[in-house]
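Right, one structure below, let's go through it.
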Amino acid sequence: MSDNQQQRQLGFQRSWGKIPWAYHAMCREIRRHLKRRDWALWELDDAAGWNDGYAGKALNPATPSGRMAGYDMIDLAFTALAGRGYRVLVIPDGFDFSDPTAVQALLEEQEDAEAERVARMIDEAANTKRIPKIAQI
């Protein structure tokens, strides 16, 4: 019996190895914010505008009833937990946190890269008839 047939027979369930590592990291961060605020999952459902019980499914994708939330749903969760002005920062393994300015340097590098990307889009729009799709935050 193939792996596909087993999934159909037992119901679809992802293994942890098939879920992207970035999704795991986002779920951990959401759980960390939930714990810091002492919120239950139903409170995240309410604050994010999710259906009842969706947080349990989205934060546990490898369970039988688990689901992987889309980026729009993850954005709703982060907005509910951190407000509209949140930022996502990817910190490489082995990062040296002993330097107090290191995180600030990463944030500035992220800002510079985003400003450069937006400037390129504006230049392209000025020289072509394409209208750039820039998300307003």
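Note on naming: chains are A, B, ... as they come in the structure tokens, residues start from 1 per chain, ligands start from 1 in the order shown.
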Checklist entry - Residues of range 40-134 of chain A in helix (DSSP H, G or I) according to DSSP, as number ranges by chain? => result A: 41-48, 54-58, 71-82, 102-127
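Proximity ranking of A:Leu76, A:Met68, A:Ala126, A:Ile91 relative to Glu109 in chain A places A:Ile91 first, based on only C-alpha atoms.
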Quick one: everything within 9 Å of range 26-28 of chain A, counting only C-alpha atoms, minus sequence neighbours fewer than 5 positions away in the same chain. Send it as a short mmCIF file (atom, residue, chain, number, x, y, z; two decimals) with N, CA and C atoms, in the first residue's frame.
```cif
data_model
loop_
_atom_site.label_atom_id
_atom_site.label_comp_id
_atom_site.auth_asym_id
_atom_site.auth_seq_id
_atom_site.Cartn_x
_atom_site.Cartn_y
_atom_site.Cartn_z
N TRP A 21 9.98 24.18 8.49
CA TRP A 21 10.57 24.63 9.75
C TRP A 21 10.11 26.04 10.08
N HIS A 33 3.88 34.22 22.81
CA HIS A 33 3.07 35.41 23.08
C HIS A 33 1.80 35.05 23.84
N ALA A 58 -4.38 25.14 14.02
CA ALA A 58 -3.29 25.82 13.32
C ALA A 58 -1.96 25.70 14.05
N LEU A 59 -1.99 25.66 15.38
CA LEU A 59 -0.75 25.60 16.15
C LEU A 59 -0.27 24.17 16.36
N ASN A 60 -1.07 23.19 15.97
CA ASN A 60 -0.71 21.77 16.10
C ASN A 60 -0.98 21.05 14.77
N ILE A 74 -1.96 33.66 9.77
CA ILE A 74 -0.83 33.90 10.69
C ILE A 74 -0.72 35.39 10.96
#
```
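For the residues A:Ala105, A:Gly94, A:Ala119, A:Val88, ranking by smallest atom-to-atom distance to Ala22 in chain A using only C-alpha atoms places A:Val88 first.
The gap separating CA of Lys18 in chain A from CA of Ala69 in chain A is 14.4 Å, in Å to one decimal.
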Item to check | All residues 12 Å or closer to Arg32 in chain A, only C-alpha atoms, same chain fewer than 5 positions away omitted, as a PyMOL selection string | outcome: chain A and resi 25-27+37-40+59+78+81-82
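Nearest-residue note for Gly66 in chain A: choosing from A:Ala113, A:Val118, A:Ile19, A:Ala125, the minimum distance belongs to A:Ile19, counting only C-alpha atoms.
Nearest-residue note for Ala47 in chain A: choosing from A:Arg120, A:Ala80, A:His24, A:Met73, the minimum distance belongs to A:Ala80, counting only C-alpha atoms.
Across A:Ser98, A:Asp75, A:Ile122, A:Arg67, the tightest approach to Ala48 in chain A is made by A:Asp75 when counting only C-alpha atoms.
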Checklist entry - From the set A:Glu29, A:Pro61, A:Arg87, A:Leu41, which residue has the shortest atom-to-atom contact distance to Glu114 in chain A, counting only C-alpha atoms? => result A:Arg87
Next on the checklist: Quick check, in Å to one decimal: how far apart do CA of Gln104 in chain A and CA of Leu89 in chain A lie?
Outcome noted: 10.7 Å
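A straight line drawn from CA of Leu44 in chain A to CA of Thr79 in chain A is 10.4 Å long.
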